[in-house]
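Undergrad: Data: run_10.txt, compact mmCIF, C-alpha atoms.
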```txt
# COMPACT_ATOMS: atom_id res chain seq x y z
CA MET J 1151 182.86 -179.15 17.21
CA ASP J 1152 185.02 -177.92 14.35
CA LEU J 1153 182.61 -175.78 12.32
CA ASP J 1154 184.98 -175.48 9.40
CA ALA J 1155 185.38 -179.24 9.22
CA LEU J 1156 181.62 -179.80 9.31
CA THR J 1157 181.11 -177.16 6.65
CA ALA J 1158 183.75 -178.70 4.42
CA ALA J 1159 182.22 -182.15 4.84
CA HIS J 1160 178.71 -181.03 3.87
CA ARG J 1161 179.38 -178.11 1.54
CA SER J 1162 178.72 -180.11 -1.61
CA GLU J 1163 175.40 -181.36 -0.19
CA TRP J 1164 174.29 -177.83 0.70
CA GLU J 1165 175.33 -176.56 -2.73
CA ARG J 1166 173.29 -179.33 -4.35
CA LEU J 1167 170.29 -178.38 -2.20
CA ASP J 1168 170.69 -174.74 -3.20
CA GLU J 1169 170.94 -175.72 -6.84
CA LEU J 1170 167.74 -177.77 -6.71
CA ALA J 1171 165.90 -174.99 -4.87
CA GLY J 1172 166.84 -172.53 -7.60
CA ARG J 1173 165.53 -174.59 -10.52
CA ARG J 1174 162.30 -173.53 -12.16
CA ARG J 1175 161.19 -177.10 -12.88
CA LEU J 1176 161.94 -180.31 -11.01
CA SER J 1177 161.45 -183.87 -12.17
CA GLY J 1178 159.96 -186.42 -9.83
CA PRO J 1179 163.32 -187.81 -8.68
CA GLU J 1180 164.71 -184.28 -8.27
CA ALA J 1181 161.74 -183.27 -6.09
CA ASP J 1182 162.34 -186.33 -3.91
CA GLU J 1183 166.03 -185.45 -3.71
CA LEU J 1184 165.16 -181.88 -2.70
CA VAL J 1185 163.03 -183.13 0.19
CA MET J 1186 165.73 -185.57 1.30
CA ARG J 1187 168.50 -182.99 1.19
CA TYR J 1188 166.28 -180.42 2.92
CA ARG J 1189 165.77 -182.77 5.85
CA ALA J 1190 169.47 -183.58 6.04
CA ALA J 1191 170.44 -179.89 5.92
CA SER J 1192 167.89 -179.10 8.64
CA ALA J 1193 169.60 -181.64 10.86
CA ASP J 1194 172.97 -180.06 10.04
CA LEU J 1195 171.62 -176.62 10.98
CA ALA J 1196 170.31 -177.91 14.30
CA GLU J 1197 173.71 -179.41 15.02
CA LEU J 1198 175.47 -176.16 14.15
CA LYS J 1199 173.20 -174.03 16.33
CA THR J 1200 173.38 -176.46 19.25
CA ALA J 1201 177.15 -176.48 19.18
CA ALA J 1202 177.96 -172.84 18.42
CA GLY J 1203 174.77 -170.78 18.39
CA ARG J 1204 174.71 -168.20 15.63
CA SER J 1205 177.64 -168.38 13.25
CA PRO J 1206 178.38 -167.45 9.63
CA GLN J 1207 178.06 -171.13 8.70
CA ALA J 1208 174.65 -171.40 10.37
CA ASP J 1209 173.47 -168.15 8.76
CA HIS J 1210 174.49 -169.38 5.34
CA LEU J 1211 172.75 -172.70 5.80
CA SER J 1212 169.62 -170.90 7.10
CA LEU J 1213 169.47 -168.97 3.84
CA VAL J 1214 169.82 -172.13 1.79
CA LEU J 1215 167.09 -173.82 3.79
CA ALA J 1216 164.81 -170.77 3.51
CA ARG J 1217 165.14 -170.87 -0.29
CA ALA J 1218 164.49 -174.60 -0.33
CA ARG J 1219 161.49 -174.23 1.97
CA LEU J 1220 160.03 -171.60 -0.31
CA ARG J 1221 160.57 -173.91 -3.26
CA LEU J 1222 158.84 -176.77 -1.47
CA THR J 1223 155.89 -174.87 -0.05
CA ALA J 1224 155.56 -171.85 -2.36
CA GLY J 1225 155.17 -169.81 0.81
CA ASP J 1226 152.74 -170.31 3.65
CA GLY J 1227 149.38 -169.07 2.47
CA ASN J 1228 147.41 -170.50 5.39
CA LEU J 1229 146.07 -167.25 6.79
CA PHE J 1230 143.91 -168.97 9.38
CA ARG J 1231 146.97 -170.61 10.92
CA ARG J 1232 148.89 -167.34 11.06
CA ILE J 1233 146.13 -165.28 12.67
CA PRO J 1234 146.28 -167.15 16.01
CA GLN J 1235 150.08 -166.97 15.89
CA PHE J 1236 149.91 -163.20 15.48
CA PHE J 1237 147.45 -162.62 18.32
CA LEU J 1238 148.88 -165.18 20.74
CA ASP J 1239 152.60 -164.72 20.08
CA GLN J 1240 153.79 -161.78 18.01
CA LEU J 1241 151.46 -159.00 19.14
CA PRO J 1242 151.42 -159.67 22.90
CA ALA J 1243 155.20 -160.18 22.90
CA ALA J 1244 155.71 -156.83 21.15
CA LEU J 1245 153.40 -155.10 23.65
CA TYR J 1246 155.13 -156.75 26.59
CA ARG J 1247 158.48 -155.64 25.25
CA VAL J 1248 157.59 -151.95 25.64
CA ARG J 1249 155.87 -152.22 29.04
CA TRP J 1250 158.44 -150.29 31.08
CA THR J 1251 158.82 -147.54 28.49
CA THR J 1252 155.02 -147.28 28.41
CA LEU J 1253 154.98 -146.77 32.17
CA ALA J 1254 157.65 -144.07 31.91
CA VAL J 1255 155.69 -142.27 29.18
CA ALA J 1256 152.49 -142.49 31.24
CA VAL J 1257 154.17 -141.00 34.32
CA ALA J 1258 155.69 -138.20 32.25
CA PHE J 1259 152.28 -137.48 30.68
CA VAL J 1260 150.46 -137.27 34.02
CA LEU J 1261 153.12 -134.99 35.48
CA ALA J 1262 153.12 -132.72 32.41
CA ALA J 1263 149.30 -132.50 32.29
CA ALA J 1264 149.12 -131.75 36.02
CA LEU J 1265 151.79 -129.05 35.76
CA VAL J 1266 150.00 -127.40 32.83
CA ALA J 1267 146.67 -127.47 34.68
CA LEU J 1268 148.16 -126.03 37.87
CA TRP J 1269 150.12 -123.37 36.00
CA ILE J 1270 147.12 -122.08 34.03
CA SER J 1271 144.60 -122.31 36.86
CA SER J 1272 146.91 -120.46 39.26
CA ASP J 1273 146.73 -117.27 37.20
CA PRO J 1274 143.34 -115.87 36.07
CA ALA J 1275 145.19 -113.86 33.42
CA LEU J 1276 146.39 -117.08 31.80
CA VAL J 1277 142.86 -118.49 31.82
CA ALA J 1278 141.64 -115.28 30.19
CA THR J 1279 144.05 -115.74 27.29
CA LEU J 1280 142.16 -118.91 26.32
CA GLY J 1281 138.99 -116.99 25.47
CA SER J 1282 136.41 -114.55 26.74
CA GLN J 1283 134.51 -115.28 29.93
CA ALA J 1284 131.39 -116.10 27.91
CA GLN J 1285 133.29 -118.50 25.64
CA LEU J 1286 134.98 -120.27 28.54
CA SER J 1287 131.70 -120.52 30.42
CA ALA J 1288 129.97 -122.03 27.40
CA TYR J 1289 132.80 -124.54 27.04
CA ALA J 1290 132.77 -125.57 30.69
CA ASN J 1291 129.02 -125.71 31.14
CA ASP J 1292 127.80 -126.96 27.76
CA GLU J 1293 130.31 -127.71 25.01
CA PHE J 1294 132.58 -130.05 26.95
CA VAL J 1295 129.74 -132.47 27.67
CA ALA J 1296 127.88 -131.88 24.38
CA TYR J 1297 130.96 -132.93 22.40
CA TYR J 1298 130.29 -136.56 23.28
CA SER J 1299 126.66 -136.59 22.16
CA ASP J 1300 126.38 -134.07 19.31
CA ASN J 1301 126.76 -136.82 16.67
CA PRO J 1302 125.21 -140.29 16.37
CA ALA J 1303 127.12 -142.75 18.52
CA ALA J 1304 128.21 -144.99 15.63
CA VAL J 1305 129.52 -142.07 13.58
CA PHE J 1306 131.27 -140.58 16.60
CA ALA J 1307 132.89 -143.91 17.51
CA GLY J 1308 134.15 -144.39 13.95
CA THR J 1309 135.55 -140.86 13.74
CA VAL J 1310 137.32 -141.10 17.08
CA TRP J 1311 138.66 -144.56 16.26
CA THR J 1312 140.17 -143.64 12.90
CA ASN J 1313 141.68 -140.42 14.22
CA ASN J 1314 143.31 -142.06 17.23
CA ALA J 1315 144.48 -145.08 15.24
CA TRP J 1316 146.18 -142.76 12.77
CA ILE J 1317 147.90 -140.88 15.60
CA ALA J 1318 149.11 -144.16 17.12
CA ALA J 1319 150.39 -145.38 13.76
CA GLN J 1320 152.32 -142.13 13.27
CA CYS J 1321 153.97 -142.54 16.67
CA VAL J 1322 155.33 -145.94 15.63
CA LEU J 1323 156.09 -145.25 11.97
CA PHE J 1324 157.77 -141.90 12.63
CA GLY J 1325 159.38 -143.09 15.82
CA ILE J 1326 162.74 -143.20 14.09
CA THR J 1327 162.88 -139.41 14.41
CA GLY J 1328 162.77 -139.61 18.19
CA ILE J 1329 160.82 -136.33 18.14
CA TRP J 1330 157.43 -137.35 16.81
CA PRO J 1331 156.37 -139.65 19.68
CA VAL J 1332 157.48 -137.07 22.25
CA SER J 1333 155.60 -134.28 20.46
CA VAL J 1334 152.39 -136.34 20.35
CA VAL J 1335 152.58 -137.04 24.10
CA VAL J 1336 153.38 -133.40 24.91
CA GLN J 1337 150.53 -132.08 22.76
CA ASN J 1338 148.06 -134.43 24.42
CA ALA J 1339 149.34 -133.49 27.88
CA ILE J 1340 148.95 -129.78 27.13
CA GLY J 1341 145.45 -130.34 25.76
CA VAL J 1342 144.29 -132.37 28.76
CA GLY J 1343 145.93 -129.97 31.21
CA THR J 1344 144.38 -126.92 29.56
CA ALA J 1345 140.91 -128.48 29.53
CA ALA J 1346 141.26 -129.39 33.20
CA ALA J 1347 142.31 -125.82 34.05
CA VAL J 1348 139.29 -124.32 32.29
CA MET J 1349 136.87 -126.79 33.85
CA GLY J 1350 138.45 -126.24 37.25
CA SER J 1351 138.06 -122.48 37.00
CA PHE J 1352 134.28 -123.03 36.80
CA ASP J 1353 134.23 -125.70 39.55
CA ARG J 1354 133.52 -128.42 37.01
CA LEU J 1355 136.45 -130.76 37.65
CA ASP J 1356 134.05 -133.50 38.70
CA VAL J 1357 132.43 -133.31 35.26
CA PHE J 1358 135.85 -133.25 33.61
CA PHE J 1359 136.99 -136.51 35.22
CA ALA J 1360 133.58 -138.15 34.81
CA TYR J 1361 133.75 -137.59 31.04
CA ILE J 1362 137.48 -138.07 30.47
CA LEU J 1363 138.27 -141.17 32.51
CA PRO J 1364 135.79 -143.75 31.11
CA HIS J 1365 137.35 -143.80 27.64
CA GLY J 1366 140.56 -141.91 28.43
CA LEU J 1367 141.99 -144.74 30.54
CA LEU J 1368 142.33 -147.02 27.52
CA GLU J 1369 142.67 -144.32 24.87
CA LEU J 1370 145.59 -142.56 26.56
CA THR J 1371 147.23 -145.88 27.47
CA SER J 1372 147.14 -146.77 23.77
CA VAL J 1373 148.85 -143.48 22.95
CA PHE J 1374 151.48 -144.20 25.61
CA VAL J 1375 152.13 -147.65 24.13
CA ALA J 1376 152.43 -146.20 20.62
CA ALA J 1377 154.88 -143.55 21.82
CA ALA J 1378 156.90 -146.19 23.67
CA ALA J 1379 157.08 -148.36 20.56
CA GLY J 1380 158.21 -145.38 18.49
CA LEU J 1381 160.94 -144.57 21.01
CA HIS J 1382 162.14 -148.17 20.88
CA VAL J 1383 162.46 -147.87 17.10
CA PHE J 1384 164.46 -144.68 17.59
CA TRP J 1385 166.73 -146.31 20.16
CA ALA J 1386 167.35 -149.30 17.88
CA TRP J 1387 168.84 -146.83 15.41
CA VAL J 1388 170.81 -144.86 18.00
CA ALA J 1389 172.21 -147.83 19.94
CA PRO J 1390 172.13 -150.90 17.68
CA GLY J 1391 174.46 -152.98 19.85
CA PRO J 1392 176.45 -155.70 18.06
CA ARG J 1393 174.28 -155.50 14.95
CA SER J 1394 174.51 -152.94 12.20
CA ARG J 1395 172.13 -149.99 12.43
CA ARG J 1396 170.26 -151.23 9.39
CA GLU J 1397 169.76 -154.70 10.83
CA SER J 1398 168.81 -153.38 14.28
CA LEU J 1399 166.36 -150.88 12.83
CA ALA J 1400 164.81 -153.50 10.55
CA ALA J 1401 164.28 -155.91 13.46
CA ALA J 1402 162.74 -153.19 15.64
CA GLY J 1403 160.56 -151.95 12.81
CA ARG J 1404 159.24 -155.43 12.05
CA SER J 1405 158.47 -156.30 15.66
CA LEU J 1406 157.08 -152.94 16.76
CA ALA J 1407 154.99 -152.30 13.65
CA THR J 1408 152.77 -155.06 15.04
CA VAL J 1409 152.04 -152.70 17.96
CA ALA J 1410 150.41 -150.23 15.55
CA VAL J 1411 148.21 -153.03 14.21
CA GLY J 1412 147.26 -154.18 17.71
CA LEU J 1413 146.40 -150.67 18.85
CA VAL J 1414 143.79 -150.46 16.09
CA PHE J 1415 141.76 -153.00 18.06
CA ALA J 1416 142.44 -151.37 21.44
CA LEU J 1417 141.39 -147.98 20.12
CA ALA J 1418 138.27 -149.49 18.57
CA LEU J 1419 137.26 -150.65 22.05
CA SER J 1420 138.10 -147.21 23.42
CA GLY J 1421 135.98 -145.60 20.71
CA VAL J 1422 133.03 -147.78 21.66
CA VAL J 1423 133.37 -146.74 25.30
CA GLU J 1424 133.65 -143.07 24.32
CA ALA J 1425 130.58 -143.20 22.12
CA TYR J 1426 128.30 -145.48 24.13
CA VAL J 1427 129.43 -145.11 27.78
CA THR J 1428 130.97 -141.65 28.28
CA PRO J 1429 127.89 -139.57 27.27
CA GLN J 1430 125.43 -141.65 29.29
CA PRO J 1431 123.73 -139.96 32.29
CA TRP J 1432 124.83 -142.81 34.55
CA PRO J 1433 126.52 -142.37 37.93
CA TRP J 1434 130.17 -141.53 37.37
CA PRO J 1435 131.47 -144.59 39.30
CA VAL J 1436 129.61 -146.87 36.89
CA LYS J 1437 131.12 -145.23 33.83
CA ILE J 1438 134.64 -145.19 35.26
CA VAL J 1439 134.38 -148.86 36.28
CA LEU J 1440 133.36 -149.77 32.73
CA GLY J 1441 136.32 -147.80 31.38
CA ALA J 1442 138.63 -149.48 33.89
CA LEU J 1443 137.36 -152.89 32.77
CA ALA J 1444 138.24 -152.05 29.16
CA LEU J 1445 141.71 -150.98 30.29
CA GLY J 1446 141.99 -154.16 32.38
CA VAL J 1447 141.34 -156.33 29.34
CA PHE J 1448 144.12 -154.56 27.45
CA LEU J 1449 146.60 -154.73 30.35
CA PHE J 1450 145.87 -158.43 30.87
CA TYR J 1451 146.63 -159.07 27.22
CA MET J 1452 149.74 -156.91 27.28
CA LEU J 1453 151.25 -158.09 30.56
CA VAL J 1454 149.96 -161.62 31.17
CA VAL J 1455 149.56 -162.98 27.65
CA GLY J 1456 152.62 -160.97 26.60
CA ARG J 1457 154.77 -162.41 29.37
CA ARG J 1458 153.78 -165.94 28.39
CA ALA J 1459 154.68 -165.22 24.77
CA ALA J 1460 158.02 -163.74 25.83
CA ARG J 1461 158.81 -166.82 27.89
CA ARG J 1462 158.27 -168.89 24.74
CA GLY J 1463 161.01 -166.86 23.10
CA GLN J 1464 158.78 -164.50 21.15
CA THR J 1465 159.93 -160.91 20.59
CA GLY J 1466 157.23 -159.67 18.24
CA ASP J 1467 159.53 -160.05 15.24
CA LEU J 1468 158.73 -162.27 12.30
CA ASP J 1469 159.86 -165.86 12.30
CA GLU J 1470 163.17 -166.69 10.69
CA ASP J 1471 161.25 -168.32 7.85
CA ASP J 1472 159.46 -165.03 7.05
CA ILE J 1473 162.33 -162.58 7.46
CA GLY J 1474 164.17 -163.72 4.38
CA GLN J 1475 167.81 -163.15 3.69
CA ALA J 1476 169.82 -161.99 6.68
CA GLU J 1477 173.04 -160.07 6.55
CA LEU J 1478 175.97 -162.38 7.16
CA VAL J 1479 178.73 -161.13 9.41
CA ALA J 1480 182.07 -162.62 10.33
CA GLY J 1481 182.85 -163.65 13.89
```
Please go through the file and, once you have read it, give me the structure as structure tokens.

TA:
Amino acid sequence: MDLDALTAAHRSEWERLDELAGRRRLSGPEADELVMRYRAASADLAELKTAAGRSPQADHLSLVLARARLRLTAGDGNLFRRIPQFFLDQLPAALYRVRWTTLAVAVAFVLAAALVALWISSDPALVATLGSQAQLSAYANDEFVAYYSDNPAAVFAGTVWTNNAWIAAQCVLFGITGIWPVSVVVQNAIGVGTAAAVMGSFDRLDVFFAYILPHGLLELTSVFVAAAAGLHVFWAWVAPGPRSRRESLAAAGRSLATVAVGLVFALALSGVVEAYVTPQPWPWPVKIVLGALALGVFLFYMLVVGRRAARRGQTGDLDEDDIGQAELVAG
């Protein structure tokens, strides 16, 4: 197909459509003409994309159609129709997109936490720098467990939820720096490794894992996902590919910001487990199984539902109708 010839043949029709879309008021016949020309231009766009994929001509016509669609519909205000789309398409696709980076972050975290724990516990002098013997004993024997039950469960769950959700949001929003997500993961690894070293020095590692794993499985996975999303935003700026850095960063920001929204719900579930399961005097296998079930729900959504969304062509980004004006490029 000769794109230039098709464009020349229909340019006047597209210009008329653009003119009608830009008017503040339309008469009855003009509104009918707008609908007719919108349908015809949509067919032209489908023909262009089928024949040549993305092209400057198709981008231009997409912008004209977007303006006309906005004029016809005054935007899509049907929130109830968009909510299922978000949870079944955009969010799982965005989570699925960062799955391998999430795994890499998780492996790095476990290795770092283990190295910190082994390093500190191997030298009594290092353990002593963390506090006096009385302070460390109180932490290992009383404070570590009491932390999970000192406050009412509902208050504790809300506090933990908001704190962790804010940390996850920072990982994504400040991911462009490339440093922030890494620093969050490193700080958490050092904290977990240090706590394990102290508990281990008092032969309380069984208590450590019994109180960390039930909620930590999902909570830490959420942090890993947030860090992975932030690193993807950073990489979109560093290596934009054929797009400009601005366009690449905008696309990554739009699609991966949905991860921060989704993690609010995951961390809410983690907070419930931490407040209502972790402090219970139940056998440790029961508590860990409940925590693993919560993690399983999240992983099913991320990997299974996300894979299905990706196969439907979803990336987590907004639809073309919602993005607005794109940057036209030649070639």

Undergrad: Fewer than 4 positions away in the same chain doesn't count, so skip those; otherwise give me all residues within 6 Å of range 1454-1468 of chain J, counting all atoms listed in the file, as a list in words.

TA: Asp1239, Gln1240, Leu1241, Pro1242, Ala1243, Ala1244, Tyr1246, Arg1404, Ser1405, Phe1450 and Asp1472 of chain J

Undergrad: For Asp1182 in chain J, which residue among J:Leu1222, J:Leu1286, J:Ala1307, J:Leu1417 is the nearest when counting all atoms listed in the file?

TA: J:Leu1222

Undergrad: Have a look at J:Leu1367, J:Leu1153, J:Ala1267, J:Ala1401 and name the one nearest to Ser1205 in chain J; count all atoms listed in the file.

TA: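 Looking at the shortest contact to Ser1205 in chain J, the residue is J:Leu1153.
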
Undergrad: Excluding Arg1249 in chain J and residues on its chain fewer than 6 positions from it, collect all residues at most 10 Å away from it, counting only C-alpha atoms, and give them as a list in words.

TA: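 Using only C-alpha atoms, the neighbours found are Val1255, Phe1374, Val1375, Ala1378, Ala1379, Leu1449, Met1452, Leu1453 and Gly1456 of chain J.
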
Undergrad: J:Val1334, J:Val1357, J:Ala1386, J:Leu1368: which is nearest Pro1429 in chain J, counting all atoms listed in the file?

TA: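 For Pro1429 in chain J, the nearest of the given residues is J:Val1357.
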
Undergrad: Find the residue from J:Asn1301, J:Asn1291, J:Ala1407, J:Glu1369 that sits nearest to Phe1352 in chain J; use all atoms listed in the file when measuring.

TA: J:Asn1291

Undergrad: I'd like the neighbourhood of Gly1328 in chain J as a VMD selection string, where a residue qualifies if any of its atoms comes within 10 Å (using all atoms listed in the file), though same-chain residues fewer than 4 positions away should be ignored.

TA: chain J and resid 1321 1324 1332 to 1333 1377 1380 to 1385 1387 to 1388

Undergrad: Write out the residues from the selection above, keeping C-alpha atoms, as a JSON list (two decimals), keeping the file's coordinate frame.

TA:
```json
[["chain", "number", "residue", "atom", "x", "y", "z"],
["J", 1321, "CYS", "CA", 153.97, -142.54, 16.67],
["J", 1324, "PHE", "CA", 157.77, -141.90, 12.63],
["J", 1332, "VAL", "CA", 157.48, -137.07, 22.25],
["J", 1333, "SER", "CA", 155.60, -134.28, 20.46],
["J", 1377, "ALA", "CA", 154.88, -143.55, 21.82],
["J", 1380, "GLY", "CA", 158.21, -145.38, 18.49],
["J", 1381, "LEU", "CA", 160.94, -144.57, 21.01],
["J", 1382, "HIS", "CA", 162.14, -148.17, 20.88],
["J", 1383, "VAL", "CA", 162.46, -147.87, 17.10],
["J", 1384, "PHE", "CA", 164.46, -144.68, 17.59],
["J", 1385, "TRP", "CA", 166.73, -146.31, 20.16],
["J", 1387, "TRP", "CA", 168.84, -146.83, 15.41],
["J", 1388, "VAL", "CA", 170.81, -144.86, 18.00]]
```

Undergrad: Just the residues within 8 Å of Ala1444 in chain J, please, counting only C-alpha atoms, with nothing from its chain fewer than 4 positions along; format it as number ranges by chain.

TA: J: 1368, 1419-1420, 1440, 1448

Undergrad: Could you check how far CA of Tyr1361 in chain J sits from CA of Gly1412 in chain J, in Å to one decimal?

TA: 25.2 Å

Undergrad: What is the distance, in Å and to one decimal place, between CA of Leu1355 in chain J and CA of Ala1296 in chain J?

TA: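 Computed distance, CA of Leu1355 in chain J to CA of Ala1296 in chain J, equals 15.8 Å.
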
Undergrad: Using only C-alpha atoms, which residue out of J:Leu1167, J:Ala1319, J:Ala1159, J:Ala1402 lies closest to Ala1191 in chain J?

TA: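 Comparing J:Leu1167, J:Ala1319, J:Ala1159, J:Ala1402 against Ala1191 in chain J, the winner is J:Leu1167.
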
Undergrad: Give me, please, the distance in Å between CA of Tyr1426 in chain J and CA of Ala1442 in chain J, quoted to one decimal.

TA: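 We find that CA of Tyr1426 in chain J and CA of Ala1442 in chain J lie 14.8 Å from each other.
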
Undergrad: Which one is closest to Thr1408 in chain J: J:Phe1359, J:Leu1323, J:Ala1345, J:Pro1331? Count all atoms listed in the file.

TA: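 Smallest separation from Thr1408 in chain J among the options: J:Leu1323.
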
Undergrad: Go through range 1276-1318 of chain J and flag each residue having an atom no more than 12 Å from range 1337-1341 of chain J; for those, report the closest pair of atoms plus their distance in Å to one decimal, using all atoms listed in the file, ordered by chain and rising number, as CSV.

TA:
```
residue,atom,partner,partner_atom,distance
J:Leu1280,CA,J:Gly1341,CA,11.9
J:Asn1314,CA,J:Asn1338,CA,11.5
J:Ile1317,CA,J:Asn1338,CA,10.9
```

Undergrad: Could you add all heavy atoms to range 1233-1241 of chain J and give me the result as a PDB file, in the coordinates of the input?

TA:
```pdb
ATOM      1  N   ILE J1233     146.866-166.236  11.839  1.00  0.00           N
ATOM      2  CA  ILE J1233     146.130-165.280  12.670  1.00  0.00           C
ATOM      3  C   ILE J1233     146.272-165.607  14.155  1.00  0.00           C
ATOM      4  O   ILE J1233     146.614-164.719  14.950  1.00  0.00           O
ATOM      5  CB  ILE J1233     144.648-165.223  12.248  1.00  0.00           C
ATOM      6  CG1 ILE J1233     144.526-164.516  10.886  1.00  0.00           C
ATOM      7  CG2 ILE J1233     143.815-164.493  13.292  1.00  0.00           C
ATOM      8  CD1 ILE J1233     143.117-164.476  10.334  1.00  0.00           C
ATOM      9  N   PRO J1234     146.051-166.854  14.588  1.00  0.00           N
ATOM     10  CA  PRO J1234     146.280-167.150  16.010  1.00  0.00           C
ATOM     11  C   PRO J1234     147.720-166.910  16.445  1.00  0.00           C
ATOM     12  O   PRO J1234     147.974-166.445  17.567  1.00  0.00           O
ATOM     13  CB  PRO J1234     145.912-168.641  16.128  1.00  0.00           C
ATOM     14  CG  PRO J1234     145.013-168.897  14.970  1.00  0.00           C
ATOM     15  CD  PRO J1234     145.506-168.015  13.880  1.00  0.00           C
ATOM     16  N   GLN J1235     148.675-167.207  15.563  1.00  0.00           N
ATOM     17  CA  GLN J1235     150.080-166.970  15.890  1.00  0.00           C
ATOM     18  C   GLN J1235     150.330-165.490  16.131  1.00  0.00           C
ATOM     19  O   GLN J1235     151.055-165.109  17.061  1.00  0.00           O
ATOM     20  CB  GLN J1235     150.974-167.481  14.760  1.00  0.00           C
ATOM     21  CG  GLN J1235     152.452-167.244  15.005  1.00  0.00           C
ATOM     22  CD  GLN J1235     153.304-167.629  13.806  1.00  0.00           C
ATOM     23  OE1 GLN J1235     152.790-167.972  12.742  1.00  0.00           O
ATOM     24  NE2 GLN J1235     154.606-167.556  13.970  1.00  0.00           N
ATOM     25  N   PHE J1236     149.722-164.643  15.323  1.00  0.00           N
ATOM     26  CA  PHE J1236     149.910-163.200  15.480  1.00  0.00           C
ATOM     27  C   PHE J1236     149.348-162.718  16.807  1.00  0.00           C
ATOM     28  O   PHE J1236     150.004-161.987  17.552  1.00  0.00           O
ATOM     29  CB  PHE J1236     149.243-162.464  14.320  1.00  0.00           C
ATOM     30  CG  PHE J1236     149.296-160.964  14.441  1.00  0.00           C
ATOM     31  CD1 PHE J1236     150.439-160.272  14.085  1.00  0.00           C
ATOM     32  CD2 PHE J1236     148.209-160.240  14.928  1.00  0.00           C
ATOM     33  CE1 PHE J1236     150.505-158.889  14.206  1.00  0.00           C
ATOM     34  CE2 PHE J1236     148.264-158.870  15.047  1.00  0.00           C
ATOM     35  CZ  PHE J1236     149.415-158.190  14.685  1.00  0.00           C
ATOM     36  N   PHE J1237     148.124-163.140  17.127  1.00  0.00           N
ATOM     37  CA  PHE J1237     147.450-162.620  18.320  1.00  0.00           C
ATOM     38  C   PHE J1237     147.903-163.287  19.610  1.00  0.00           C
ATOM     39  O   PHE J1237     147.754-162.692  20.682  1.00  0.00           O
ATOM     40  CB  PHE J1237     145.937-162.740  18.166  1.00  0.00           C
ATOM     41  CG  PHE J1237     145.341-161.720  17.235  1.00  0.00           C
ATOM     42  CD1 PHE J1237     144.951-162.072  15.953  1.00  0.00           C
ATOM     43  CD2 PHE J1237     145.205-160.408  17.630  1.00  0.00           C
ATOM     44  CE1 PHE J1237     144.414-161.123  15.088  1.00  0.00           C
ATOM     45  CE2 PHE J1237     144.670-159.456  16.774  1.00  0.00           C
ATOM     46  CZ  PHE J1237     144.278-159.815  15.501  1.00  0.00           C
ATOM     47  N   LEU J1238     148.448-164.484  19.533  1.00  0.00           N
ATOM     48  CA  LEU J1238     148.880-165.180  20.740  1.00  0.00           C
ATOM     49  C   LEU J1238     150.384-165.094  20.982  1.00  0.00           C
ATOM     50  O   LEU J1238     150.839-165.336  22.106  1.00  0.00           O
ATOM     51  CB  LEU J1238     148.470-166.659  20.673  1.00  0.00           C
ATOM     52  CG  LEU J1238     146.963-166.919  20.691  1.00  0.00           C
ATOM     53  CD1 LEU J1238     146.698-168.418  20.553  1.00  0.00           C
ATOM     54  CD2 LEU J1238     146.318-166.370  21.954  1.00  0.00           C
ATOM     55  N   ASP J1239     151.139-164.756  19.941  1.00  0.00           N
ATOM     56  CA  ASP J1239     152.600-164.720  20.080  1.00  0.00           C
ATOM     57  C   ASP J1239     153.186-163.357  19.737  1.00  0.00           C
ATOM     58  O   ASP J1239     153.740-162.676  20.593  1.00  0.00           O
ATOM     59  CB  ASP J1239     153.247-165.801  19.193  1.00  0.00           C
ATOM     60  CG  ASP J1239     152.940-167.206  19.677  1.00  0.00           C
ATOM     61  OD1 ASP J1239     152.832-167.389  20.903  1.00  0.00           O
ATOM     62  OD2 ASP J1239     152.809-168.117  18.847  1.00  0.00           O
ATOM     63  N   GLN J1240     153.075-162.966  18.476  1.00  0.00           N
ATOM     64  CA  GLN J1240     153.790-161.780  18.010  1.00  0.00           C
ATOM     65  C   GLN J1240     153.298-160.498  18.659  1.00  0.00           C
ATOM     66  O   GLN J1240     154.088-159.717  19.200  1.00  0.00           O
ATOM     67  CB  GLN J1240     153.688-161.676  16.480  1.00  0.00           C
ATOM     68  CG  GLN J1240     154.471-162.746  15.739  1.00  0.00           C
ATOM     69  CD  GLN J1240     154.260-162.663  14.238  1.00  0.00           C
ATOM     70  OE1 GLN J1240     153.139-162.641  13.746  1.00  0.00           O
ATOM     71  NE2 GLN J1240     155.353-162.618  13.498  1.00  0.00           N
ATOM     72  N   LEU J1241     151.991-160.259  18.614  1.00  0.00           N
ATOM     73  CA  LEU J1241     151.460-159.000  19.140  1.00  0.00           C
ATOM     74  C   LEU J1241     151.642-158.865  20.651  1.00  0.00           C
ATOM     75  O   LEU J1241     152.158-157.846  21.119  1.00  0.00           O
ATOM     76  CB  LEU J1241     149.996-158.838  18.737  1.00  0.00           C
ATOM     77  CG  LEU J1241     149.274-157.609  19.301  1.00  0.00           C
ATOM     78  CD1 LEU J1241     150.008-156.331  18.905  1.00  0.00           C
ATOM     79  CD2 LEU J1241     147.830-157.571  18.826  1.00  0.00           C
TER      80      LEU J1241
END
```
